[in-house]
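Asker: Structure file input22.cif (mmCIF, C-alpha atoms and all ligand atoms) is given on the next line.
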data_target
#
loop_
_atom_site.label_atom_id
_atom_site.label_comp_id
_atom_site.auth_asym_id
_atom_site.auth_seq_id
_atom_site.Cartn_x
_atom_site.Cartn_y
_atom_site.Cartn_z
CA MET A 24 0.00 0.00 0.00
CA ASN A 25 1.26 3.49 -0.71
CA LEU A 26 0.58 6.69 1.27
CA GLU A 27 -2.17 7.88 -1.03
CA GLN A 28 -3.95 4.54 -0.80
CA PHE A 29 -3.82 4.71 2.99
CA HIS A 30 -5.20 8.27 2.76
CA LYS A 31 -8.16 6.97 0.77
CA LEU A 32 -8.67 4.07 3.18
CA ILE A 33 -8.70 6.28 6.27
CA ARG A 34 -11.23 8.63 4.62
CA ASN A 35 -13.49 5.73 3.65
CA ARG A 36 -13.41 4.17 7.08
CA LEU A 37 -13.67 7.29 9.23
CA ASN A 38 -15.70 9.79 7.24
CA HIS A 39 -19.00 8.57 8.64
CA LYS A 40 -17.83 9.13 12.23
CA PHE A 41 -15.69 12.27 12.09
CA ASP A 42 -15.71 15.46 10.08
CA ASN A 43 -13.27 15.87 7.19
CA ASN A 44 -10.86 18.12 9.04
CA GLU A 45 -10.55 15.64 11.86
CA VAL A 46 -9.91 12.76 9.47
CA GLU A 47 -7.23 14.81 7.71
CA GLU A 48 -5.65 15.61 11.05
CA PHE A 49 -5.63 11.91 12.01
CA PHE A 50 -4.04 10.99 8.68
CA PHE A 51 -1.24 13.52 8.96
CA ARG A 52 -0.56 12.77 12.63
CA LEU A 53 -0.32 9.05 11.92
CA ILE A 54 2.00 9.31 8.94
CA ASP A 55 4.12 11.83 10.79
CA TYR A 56 4.33 9.57 13.86
CA TYR A 57 4.94 6.25 12.12
CA CYS A 58 6.68 7.26 8.89
CA GLN A 59 8.17 10.70 9.75
CA ILE A 60 6.37 12.17 6.76
CA ASP A 61 5.02 15.68 7.08
CA LYS A 62 2.46 17.42 4.85
CA ILE A 63 5.01 18.80 2.41
CA LYS A 64 6.74 15.44 1.99
CA TYR A 65 3.35 13.82 1.46
CA ILE A 66 2.35 16.29 -1.23
CA ILE A 67 5.55 15.73 -3.21
CA ASN A 68 5.71 12.00 -2.61
CA SER A 69 2.17 10.67 -2.16
CA LYS A 70 2.90 7.45 -4.08
CA LEU A 71 5.61 6.42 -1.65
CA GLU A 72 5.23 2.73 -0.83
CA LEU A 73 4.74 2.04 2.90
CA LYS A 74 7.16 -0.27 4.69
CA LYS A 75 5.37 -3.42 5.91
CA LYS A 76 5.90 -2.53 9.58
CA ASP A 77 4.49 1.01 9.07
CA GLU A 78 1.54 -0.34 7.14
CA ILE A 79 0.66 -2.70 10.03
CA ASN A 80 0.92 0.12 12.56
CA LEU A 81 -1.22 2.43 10.44
CA ILE A 82 -3.95 -0.17 9.94
CA ASN A 83 -3.96 -1.04 13.66
CA SER A 84 -4.27 2.66 14.47
CA LEU A 85 -7.12 3.01 12.04
CA ASP A 86 -8.98 0.19 13.84
CA LEU A 87 -8.52 1.99 17.16
CA LEU A 88 -9.68 5.33 15.73
CA GLU A 89 -12.71 3.63 14.25
CA ASN A 90 -13.53 2.45 17.78
CA GLU A 91 -13.29 6.10 18.83
CA SER A 92 -10.07 5.82 20.78
CA PRO A 93 -8.56 9.32 21.07
CA ILE A 94 -5.65 9.81 18.66
CA GLN A 95 -3.38 10.67 21.62
CA TYR A 96 -3.86 7.18 23.10
CA VAL A 97 -3.43 5.61 19.66
CA ILE A 98 0.03 7.09 19.19
CA GLY A 99 0.76 7.27 22.94
CA GLN A 100 1.62 10.92 23.05
CA SER A 101 0.15 14.39 23.28
CA GLN A 102 1.41 17.94 22.91
CA PHE A 103 1.19 20.35 25.85
CA MET A 104 2.88 23.76 26.11
CA ALA A 105 4.90 22.86 22.99
CA MET A 106 6.32 19.78 24.72
CA THR A 107 5.64 16.13 24.02
CA PHE A 108 4.02 14.07 26.79
CA LEU A 109 3.61 10.30 26.85
CA VAL A 110 0.03 9.30 27.58
CA ASN A 111 -1.74 6.00 28.20
CA HIS A 112 -5.03 4.84 29.71
CA HIS A 113 -3.82 5.67 33.20
CA VAL A 114 -3.60 9.41 32.56
CA LEU A 115 -5.94 12.08 31.34
CA ILE A 116 -5.06 13.55 27.95
CA PRO A 117 -3.78 17.08 28.68
CA ARG A 118 -6.31 19.72 27.60
CA PRO A 119 -5.84 23.14 25.99
CA GLU A 120 -7.67 24.87 28.86
CA THR A 121 -5.09 23.42 31.24
CA GLU A 122 -2.41 25.07 29.10
CA GLU A 123 -4.18 28.36 29.80
CA LEU A 124 -3.98 27.69 33.53
CA VAL A 125 -0.25 26.97 33.20
CA ARG A 126 0.27 30.16 31.15
CA TRP A 127 -1.51 32.17 33.84
CA ILE A 128 0.85 30.83 36.51
CA VAL A 129 3.92 31.41 34.33
CA GLN A 130 2.80 34.97 33.49
CA ASP A 131 2.52 35.73 37.22
CA LEU A 132 6.33 35.49 37.17
CA HIS A 133 6.93 33.39 40.22
CA SER A 134 10.52 32.39 40.87
CA ASN A 135 12.30 30.54 43.69
CA LYS A 136 9.01 29.00 44.80
CA ARG A 137 7.97 25.64 46.21
CA VAL A 138 5.15 24.42 44.01
CA LEU A 139 2.79 21.48 44.50
CA ASP A 140 0.61 20.02 41.70
CA ILE A 141 -2.15 17.85 43.23
CA GLY A 142 -3.54 15.16 40.90
CA THR A 143 -0.60 15.44 38.55
CA GLY A 144 -1.67 12.71 36.06
CA SER A 145 0.70 12.84 33.09
CA GLY A 146 2.71 15.48 34.95
CA CYS A 147 1.86 18.03 32.28
CA ILE A 148 1.32 20.90 34.74
CA ALA A 149 4.22 20.04 37.03
CA THR A 150 6.65 19.45 34.15
CA SER A 151 5.67 22.65 32.32
CA LEU A 152 5.95 24.77 35.47
CA SER A 153 9.32 23.29 36.26
CA LYS A 154 10.47 24.04 32.73
CA LEU A 155 9.04 27.56 32.46
CA MET A 156 9.53 29.08 35.93
CA ASP A 157 12.90 30.05 37.37
CA ASN A 158 14.40 28.07 40.22
CA CYS A 159 11.21 26.49 41.46
CA ILE A 160 11.06 23.19 43.31
CA VAL A 161 8.07 21.37 41.88
CA HIS A 162 6.24 18.43 43.46
CA GLY A 163 3.57 16.30 41.80
CA TRP A 164 1.17 14.10 43.74
CA ASP A 165 -1.28 11.51 42.50
CA ILE A 166 -3.25 8.59 43.90
CA SER A 167 -2.31 6.46 40.87
CA SER A 168 1.13 4.86 40.78
CA ASN A 169 0.62 4.10 37.08
CA ALA A 170 0.05 7.80 36.42
CA LEU A 171 3.17 8.68 38.41
CA ASP A 172 5.26 6.31 36.25
CA ILE A 173 4.18 8.22 33.17
CA ALA A 174 4.64 11.60 34.89
CA SER A 175 8.21 10.69 35.89
CA LYS A 176 9.04 9.66 32.32
CA ASN A 177 7.55 12.91 31.01
CA SER A 178 9.62 15.05 33.34
CA LYS A 179 12.75 13.12 32.44
CA ASN A 180 12.04 13.30 28.69
CA ASN A 181 11.54 17.05 28.97
CA SER A 182 14.73 17.43 31.04
CA VAL A 183 13.21 18.69 34.27
CA ASN A 184 13.30 17.45 37.80
CA VAL A 185 9.94 17.05 39.54
CA LYS A 186 9.52 15.22 42.86
CA TYR A 187 6.65 12.79 42.45
CA ASP A 188 4.86 11.07 45.33
CA LEU A 189 1.99 8.67 45.71
CA VAL A 190 -0.52 10.60 47.81
CA ASP A 191 -4.25 10.34 48.31
CA ILE A 192 -5.29 13.92 49.01
CA THR A 193 -8.51 12.76 50.63
CA ASN A 194 -6.50 11.09 53.40
CA GLU A 195 -5.73 14.26 55.40
CA LYS A 196 -2.02 13.69 54.79
CA GLN A 197 0.23 14.92 57.58
CA CYS A 198 3.06 16.65 55.80
CA SER A 199 5.55 19.06 57.29
CA GLU A 200 6.42 20.62 53.94
CA LYS A 201 5.16 24.15 53.15
CA PHE A 202 4.37 25.33 49.65
CA ASP A 203 4.24 28.82 48.12
CA ILE A 204 1.95 27.70 45.31
CA ILE A 205 -0.58 24.88 45.09
CA VAL A 206 -2.10 24.08 41.72
CA SER A 207 -4.67 21.46 40.87
CA ASN A 208 -6.84 20.26 38.06
CA PRO A 209 -8.74 17.75 40.20
CA PRO A 210 -11.51 15.36 39.14
CA TYR A 211 -14.65 17.50 38.92
CA VAL A 212 -17.12 15.68 36.69
CA THR A 213 -20.35 14.64 38.44
CA GLN A 214 -22.40 11.56 37.62
CA ASP A 215 -24.98 13.93 36.10
CA ASP A 216 -22.37 15.44 33.75
CA LYS A 217 -21.38 11.89 32.74
CA LEU A 218 -24.60 11.53 30.79
CA LEU A 219 -23.56 14.40 28.53
CA MET A 220 -20.03 13.21 27.85
CA SER A 221 -18.86 11.72 24.58
CA LYS A 222 -18.01 8.04 24.18
CA ASN A 223 -14.33 8.64 23.48
CA VAL A 224 -13.89 10.32 26.88
CA ILE A 225 -15.97 7.90 28.97
CA SER A 226 -14.71 4.72 27.33
CA TYR A 227 -11.02 5.56 27.23
CA GLU A 228 -10.00 8.16 29.80
CA PRO A 229 -9.40 7.04 33.41
CA HIS A 230 -12.53 7.48 35.53
CA ILE A 231 -10.43 8.21 38.59
CA ALA A 232 -9.18 11.32 36.80
CA LEU A 233 -12.61 12.50 35.74
CA PHE A 234 -15.30 11.74 38.25
CA VAL A 235 -16.00 12.82 41.80
CA LYS A 236 -17.20 9.84 43.80
CA GLU A 237 -19.51 11.64 46.14
CA ASN A 238 -21.31 13.41 43.31
CA ASP A 239 -20.11 16.59 45.01
CA PRO A 240 -18.34 18.72 42.41
CA LEU A 241 -16.50 20.58 45.18
CA PHE A 242 -15.28 17.43 46.94
CA PHE A 243 -11.60 17.72 45.88
CA TYR A 244 -11.52 21.53 46.24
CA LYS A 245 -12.63 21.15 49.86
CA LYS A 246 -9.95 18.51 50.51
CA ILE A 247 -7.23 20.62 48.88
CA LEU A 248 -8.26 23.77 50.75
CA ASN A 249 -8.25 21.80 53.97
CA PHE A 250 -4.70 20.64 53.20
CA SER A 251 -3.75 24.24 52.32
CA LYS A 252 -4.65 25.46 55.81
CA LYS A 253 -1.40 24.01 57.17
CA ASN A 254 0.71 23.53 54.08
CA LEU A 255 0.26 26.64 51.95
CA ILE A 256 2.18 29.62 53.35
CA SER A 257 0.43 32.83 54.32
CA ASN A 258 0.14 34.93 51.12
CA GLY A 259 0.64 31.73 49.12
CA THR A 260 -1.35 31.28 45.94
CA ILE A 261 -3.74 28.60 44.86
CA TYR A 262 -4.65 27.95 41.23
CA PHE A 263 -7.49 25.62 40.27
CA GLU A 264 -8.99 24.39 37.04
CA ILE A 265 -12.76 24.28 37.60
CA ASN A 266 -15.97 22.89 36.21
CA GLU A 267 -17.63 25.72 34.26
CA ASN A 268 -20.93 25.02 36.04
CA PHE A 269 -19.52 25.53 39.53
CA SER A 270 -17.38 28.68 39.31
CA LYS A 271 -19.62 30.59 41.73
CA GLN A 272 -19.56 27.77 44.27
CA VAL A 273 -15.75 27.50 44.10
CA ASN A 274 -15.49 31.27 44.53
CA LYS A 275 -17.77 31.11 47.58
CA LEU A 276 -15.82 28.21 49.05
CA LEU A 277 -12.52 30.09 48.66
CA LYS A 278 -14.01 33.14 50.42
CA LYS A 279 -15.35 30.96 53.22
CA GLU A 280 -11.88 29.45 53.67
CA GLY A 281 -10.41 32.94 54.08
CA PHE A 282 -8.81 33.38 50.65
CA HIS A 283 -8.73 36.84 49.07
CA ASP A 284 -7.94 38.42 45.67
CA ILE A 285 -10.02 35.70 44.07
CA ILE A 286 -9.97 35.90 40.27
CA VAL A 287 -12.08 33.59 38.12
CA ARG A 288 -11.04 33.48 34.46
CA LYS A 289 -12.67 32.33 31.26
CA ASP A 290 -10.91 29.97 28.88
CA PHE A 291 -10.60 30.47 25.11
CA ARG A 292 -14.12 29.10 24.70
CA GLY A 293 -15.50 31.86 26.95
CA LYS A 294 -16.23 29.52 29.86
CA TYR A 295 -15.25 30.12 33.49
CA ARG A 296 -12.63 27.39 33.84
CA MET A 297 -9.90 28.58 36.19
CA VAL A 298 -9.45 30.44 39.43
CA LYS A 299 -6.60 31.97 41.40
CA ALA A 300 -6.73 33.06 45.03
CA THR A 301 -4.37 34.18 47.78
CA LYS A 302 -4.27 32.81 51.30
CA LYS A 303 -4.49 35.27 54.22
C1 LIG B 1 -8.41 15.80 35.98
S1 LIG B 1 -6.99 14.74 36.21
C2 LIG B 1 -5.69 15.95 35.99
C3 LIG B 1 -4.42 15.38 35.43
C4 LIG B 1 -3.38 16.43 35.05
N1 LIG B 1 -3.01 17.25 36.18
C5 LIG B 1 -3.92 17.32 33.92
O1 LIG B 1 -4.23 18.49 34.20
O2 LIG B 1 -4.01 16.84 32.78
C6 LIG B 1 -7.06 14.47 37.94
C7 LIG B 1 -5.94 13.62 38.55
O3 LIG B 1 -6.20 13.48 39.95
C8 LIG B 1 -5.81 12.19 40.37
N2 LIG B 1 -6.56 11.84 41.59
C9 LIG B 1 -7.82 11.34 41.69
N3 LIG B 1 -8.13 11.14 42.98
C10 LIG B 1 -7.05 11.55 43.71
C11 LIG B 1 -6.77 11.58 45.11
N4 LIG B 1 -7.67 11.15 46.01
N5 LIG B 1 -5.57 12.03 45.51
C12 LIG B 1 -4.64 12.44 44.60
N6 LIG B 1 -4.85 12.44 43.27
C13 LIG B 1 -6.04 11.99 42.83
C14 LIG B 1 -6.15 11.30 39.17
O4 LIG B 1 -5.43 10.09 39.21
C15 LIG B 1 -5.80 12.22 38.00
O5 LIG B 1 -4.48 12.00 37.58
#
Represent the structure contained in this file as structure tokens.

Answerer:
Amino acid sequence: MNLEQFHKLIRNRLNHKFDNNEVEEFFFRLIDYYCQIDKIKYIINSKLELKKKDEINLINSLDLLENESPIQYVIGQSQFMAMTFLVNHHVLIPRPETEELVRWIVQDLHSNKRVLDIGTGSGCIATSLSKLMDNCIVHGWDISSNALDIASKNSKNNSVNVKYDLVDITNEKQCSEKFDIIVSNPPYVTQDDKLLMSKNVISYEPHIALFVKENDPLFFYKKILNFSKKNLISNGTIYFEINENFSKQVNKLLKKEGFHDIIVRKDFRGKYRMVKATKK
């Protein structure tokens, strides 16, 4: 099979499930990943015969895409803050709105800070902050040891040093360490929201990363704020990614817990998706 024939095949098999642009994106990501062929090379050499090994990989990937597996899990990697992150079924695929949260923190120009990322998953937040902020000591915690394995690899591959630990934040961890910044994109999807989610998220992404057990969308925020009482310094900053439907409740909770200078921000889709607040 040559490249052009695979292009036709992927269109035939996926066009009924995805729009054209998405199918084109899948095609170019796959040939780039498996054959190191970019758009320009494809245009000038579309009749290039595929190596047997590449052909097998491409067809297997096509089967997975047809079953609605996200492309990032198919190729095992995702881009975040212009860096490459390994991903598998144990970690959430990093999202563009989370990049906005990271940019916000970076633009606040913190340096020489002790930073904790709670629910680190792929380590995308912790790794990016370590890379982009000066002289910060960054920690990443997660309840999943499988996620921490991926996070450690991601930090190593992106040449940064993050201290990862297996921690269940709901366990009222006694920890003597103090942090200047705590950031978290915790699970915040309720069972009600689940009904509205697409198959490729529910079937493939880890439920422990998505859903709040108690059906309380603020469950993890309460736990993290409780932890912050002892372990975030006075005047320390907290940054959260939030569920767009609960921005007011998170704001109210932060006020109740004595935080000030609370700023809730919209993401690029115009939805309230992140908040920053300072501890008294
Ligand atoms: C929404 S994902 C965020 C992952 C990553 N930080 C990101 O932004 O892409 C939430 C993460 O919290 C972790 N998590 C779930 N329950 C936890 C708990 N009780 N303690 C610590 N981490 C937890 C999950 O394993 C998952 O990696």

Asker: In terms of the shortest atom-to-atom distance over only C-alpha atoms, which of A:Tyr211, A:Phe250, A:Phe269, A:Phe282 is closest to Leu139 of chain A?

Answerer: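 Closest residue, counting only C-alpha atoms: A:Phe250.
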
Asker: For segment 161-163 of chain A, work out the shell of residues within 8 Å, counting only C-alpha atoms and skipping chain neighbours fewer than 6 positions away, then give it as JSON, numbers by chain.

Answerer: {"A": [137, 138, 139, 140, 141, 142, 143, 146, 149, 152, 153, 184, 185, 186, 187, 188]}

Asker: Using only C-alpha atoms, find the one residue out of A:Cys198, A:Thr213, A:Leu124, A:Leu189 that sits nearest to Arg288 of chain A.

Answerer: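 Closest to Arg288 of chain A of all the choices is A:Leu124.
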
Asker: Mind listing the residues within 7 Å of ligand LIG 1 (chain B), all atoms listed in the file counted, as a ChimeraX atom specification?

Answerer: /A:114-118,121,141-148,164-167,170,190-193,207-210,231-233

Asker: Can you sort out the box for segment 108-123 of chain A, edges along x, y and z, all listed atoms in, 4 Å on every side, with centre and edge lengths in Å to one decimal, as AutoDock Vina command-line options?

Answerer:
--center_x -1.8 --center_y 16.6 --center_z 29.6 --size_x 19.7 --size_y 31.5 --size_z 15.2

Asker: State, in Å with one decimal place, the distance from atom CA of Ile256 of chain A to atom CA of Val206 of chain A.

Answerer: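 So the answer is 13.6 Å.
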
Asker: Output as CSV one row per residue of segment 43-101 of chain A within 7 Å of segment 29-38 of chain A: the closest atom pair and its distance in Å to one decimal place, counting all atoms listed in the file, sorted by chain and residue number ascending.

Answerer:
residue,atom,partner,partner_atom,distance
A:Asn43,CA,A:Asn38,CA,6.5
A:Val46,CA,A:Arg34,CA,6.5
A:Phe50,CA,A:His30,CA,6.6
A:Leu85,CA,A:Ile33,CA,6.8
A:Glu89,CA,A:Leu37,CA,6.3

Asker: How about saving the chosen residues, C-alpha atoms kept, as an mmCIF file, in the coordinates of the input?

Answerer:
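Written file, out27.cif:
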data_model
loop_
_atom_site.group_PDB
_atom_site.id
_atom_site.type_symbol
_atom_site.label_atom_id
_atom_site.label_comp_id
_atom_site.auth_asym_id
_atom_site.auth_seq_id
_atom_site.Cartn_x
_atom_site.Cartn_y
_atom_site.Cartn_z
ATOM 1 C CA ASN A 43 -13.270 15.870 7.190
ATOM 2 C CA VAL A 46 -9.910 12.760 9.470
ATOM 3 C CA PHE A 50 -4.040 10.990 8.680
ATOM 4 C CA LEU A 85 -7.120 3.010 12.040
ATOM 5 C CA GLU A 89 -12.710 3.630 14.250
#

Asker: Between A:Glu72, A:Asp55, A:Glu78, A:Glu123, which is the closest to Ile98 of chain A once you count all atoms listed in the file?

Answerer: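 When distances to Ile98 of chain A are compared using all atoms listed in the file, the smallest one comes from A:Asp55.
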
Asker: Ser257 of chain A: which residues within 9 Å, counting all atoms listed in the file, same-chain residues fewer than 4 positions away excluded, as a ChimeraX atom specification?

Answerer: /A:203,301-303

Asker: Give me the residues near Asn177 of chain A as a compact mmCIF listing (two decimals) with C-alpha atoms, in the coordinates of the input, where near means some atom within 7 Å (using all atoms listed in the file) and where sequence neighbours in that chain fewer than 3 positions away do not count.

Answerer:
# COMPACT_ATOMS: atom_id res chain seq x y z
CA PHE A 108 4.02 14.07 26.79
CA LEU A 109 3.61 10.30 26.85
CA GLY A 146 2.71 15.48 34.95
CA ILE A 173 4.18 8.22 33.17
CA ALA A 174 4.64 11.60 34.89
CA ASN A 180 12.04 13.30 28.69
CA ASN A 181 11.54 17.05 28.97

Asker: Calculated over all atoms listed in the file, which of the candidates A:Met220, A:Leu255, A:Ile285, A:Leu71 has the smallest distance to Ser199 of chain A?

Answerer: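 Among the listed residues, the smallest separation from Ser199 of chain A belongs to A:Leu255.
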
Asker: Can you work out which one of A:Gln130, A:Gln197, A:Asn90, A:Ser101 has the shortest atom-to-atom distance to Lys252 of chain A, counting only C-alpha atoms?

Answerer: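 Smallest separation from Lys252 of chain A among the options: A:Gln197.
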
Asker: Could you give me, as a list in words, the residues within 9 Å of Leu155 of chain A, counting only C-alpha atoms and dropping anything in the same chain fewer than 4 positions from it?

Answerer: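 Once the adjacent positions are removed, what remains is Val129, Thr150 and Ser151 of chain A.
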
Asker: Include C-alpha atoms and write out the residues we just selected as a PDB file, in the frame of the given file.

Answerer:
ATOM      1  CA  VAL A 129       3.920  31.410  34.330  1.00  0.00           C
ATOM      2  CA  THR A 150       6.650  19.450  34.150  1.00  0.00           C
ATOM      3  CA  SER A 151       5.670  22.650  32.320  1.00  0.00           C
TER       4      SER A 151
END

Asker: What is the distance, in Å and to one decimal place, between atom CA of Asn111 of chain A and atom CA of Gly99 of chain A?

Answerer: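 It comes out at 6.0 Å.
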